[in-house]
file work-v4.txt (compact mmCIF, C-alpha atoms)
# COMPACT_ATOMS: atom_id res chain seq x y z
CA MET A 249 0.52 -14.03 -1.05
CA GLU A 250 1.69 -11.74 -3.83
CA GLU A 251 4.78 -9.55 -3.96
CA TYR A 252 5.55 -6.43 -5.96
CA ILE A 253 8.70 -4.32 -6.26
CA LEU A 254 8.00 -0.59 -6.33
CA SER A 255 10.17 2.49 -6.56
CA LYS A 256 10.03 4.98 -3.71
CA GLU A 257 8.10 7.38 -5.97
CA GLU A 258 5.50 4.72 -6.83
CA LEU A 259 5.00 3.88 -3.15
CA VAL A 260 4.60 7.55 -2.18
CA LYS A 261 2.06 7.99 -5.00
CA MET A 262 0.06 4.99 -3.72
CA PHE A 263 -0.18 6.60 -0.27
CA LYS A 264 -1.12 10.00 -1.74
CA THR A 265 -3.88 8.51 -3.91
CA LYS A 266 -5.02 6.36 -0.97
CA GLU A 267 -4.42 3.08 -2.81
CA ILE A 268 -2.58 2.15 0.40
CA MET A 269 -3.84 3.47 3.72
CA ASP A 270 -2.18 3.57 7.14
CA THR A 271 -4.93 2.70 9.60
CA GLY A 272 -2.82 2.74 12.73
CA LYS A 273 -3.28 -1.04 12.87
CA GLY A 274 -1.29 -1.65 9.70
CA TRP A 275 -1.16 -0.81 6.01
CA PHE A 276 -4.12 -1.84 3.87
CA LEU A 277 -5.01 -1.69 0.18
CA LYS A 278 -8.36 -0.28 -0.95
CA ASN A 279 -9.78 -3.83 -1.00
CA ASN A 280 -8.92 -4.23 2.72
CA LYS A 281 -6.03 -6.61 2.02
CA GLU A 282 -3.23 -6.17 4.54
CA VAL A 283 0.14 -5.14 3.11
CA THR A 284 3.66 -5.49 4.44
CA ILE A 285 6.23 -3.02 3.13
CA VAL A 286 9.92 -3.98 3.14
CA ALA A 287 12.69 -1.52 2.26
CA LEU A 288 15.16 -2.93 -0.28
CA HIS A 289 18.67 -1.52 0.10
CA GLU A 290 21.70 -2.16 -2.05
CA LEU A 291 23.95 -1.74 0.98
CA GLU A 292 24.68 -4.32 3.64
CA ALA A 293 22.27 -4.06 6.58
CA LYS A 294 24.98 -2.86 8.98
CA TYR A 295 25.47 0.26 6.82
CA VAL A 296 21.79 1.16 6.48
CA LYS A 297 20.96 4.18 8.63
CA ASP A 298 17.55 5.27 7.31
CA VAL A 299 15.06 2.45 6.63
CA ALA A 300 12.56 4.88 5.08
CA ASN A 301 15.03 6.08 2.47
CA ALA A 302 15.42 3.13 0.12
CA GLU A 303 15.24 3.35 -3.66
CA PHE A 304 12.91 0.36 -3.91
CA TYR A 305 10.37 -1.35 -1.69
CA LYS A 306 8.80 -4.79 -1.71
CA LEU A 307 5.04 -4.77 -1.23
CA ILE A 308 3.75 -8.07 0.17
CA VAL A 309 -0.02 -8.52 -0.08
CA GLU A 310 -1.42 -10.94 2.49
CA GLY A 311 -3.85 -13.51 1.07
CA LYS A 312 -4.96 -13.67 -2.56
CA MET A 313 -5.85 -10.59 -4.57

call {"tool": "encode", "arguments": {"input": "work-v4.txt", "output": "structure tokens"}}
result
Amino acid sequence: MEEYILSKEELVKMFKTKEIMDTGKGWFLKNNKEVTIVALHELEAKYVKDVANAEFYKLIVEGKM
């Protein structure tokens, strides 16, 4: 399993260029590796209102690349 930290802009670009695709069954990279996306907030969890509006995201790639 590999992990990457991306800015919101980088993540949006990956979706626009179809490097990451939402299949309805999950998020997948071009090479069909499943990806988990975790929002990274600088605030405590009890203060976070919008999960989709973080500055950075952790991309967790399942299996080996």

call {"tool": "residues_around", "arguments": {"input": "work-v4.txt", "residues": "A:Lys256", "least_positions_apart": "2", "cutoff": "6 Å", "atoms": "all atoms listed in the file", "output": "number ranges by chain"}}
result
A: 258-259, 303-304

call {"tool": "residues_around", "arguments": {"input": "work-v4.txt", "residues": "A:Glu267", "least_positions_apart": "5", "cutoff": "12 Å", "atoms": "only C-alpha atoms", "output": "count of residues only"}}
result
14

call {"tool": "atom_distance", "arguments": {"input": "work-v4.txt", "atom1": "atom CA of A:Ala287", "atom2": "atom CA of A:Glu310"}}
result
17.0 Å

call {"tool": "residues_near_point", "arguments": {"input": "work-v4.txt", "point": "(4.8, -6.9, -4.2)", "cutoff": "7 Å", "atoms": "all atoms listed in the file", "output": "list in words"}}
result
Glu250, Glu251, Tyr252, Ile253, Lys306, Leu307, Ile308 and Val309 of chain A

call {"tool": "atom_distance", "arguments": {"input": "work-v4.txt", "atom1": "atom CA of A:Asn301", "atom2": "atom CA of A:Glu257"}}
result
11.0 Å

call {"tool": "atom_distance", "arguments": {"input": "work-v4.txt", "atom1": "atom CA of A:Thr284", "atom2": "atom CA of A:Gly272"}}
result
13.4 Å

call {"tool": "axis_aligned_box", "arguments": {"input": "work-v4.txt", "around": "stretch 268-287 of chain A", "padding_each_side": "3 Å", "output": "lines of an AutoDock Vina configuration file"}}
result
center_x = 1.5
center_y = -1.5
center_z = 5.9
size_x = 28.5
size_y = 16.2
size_z = 19.9
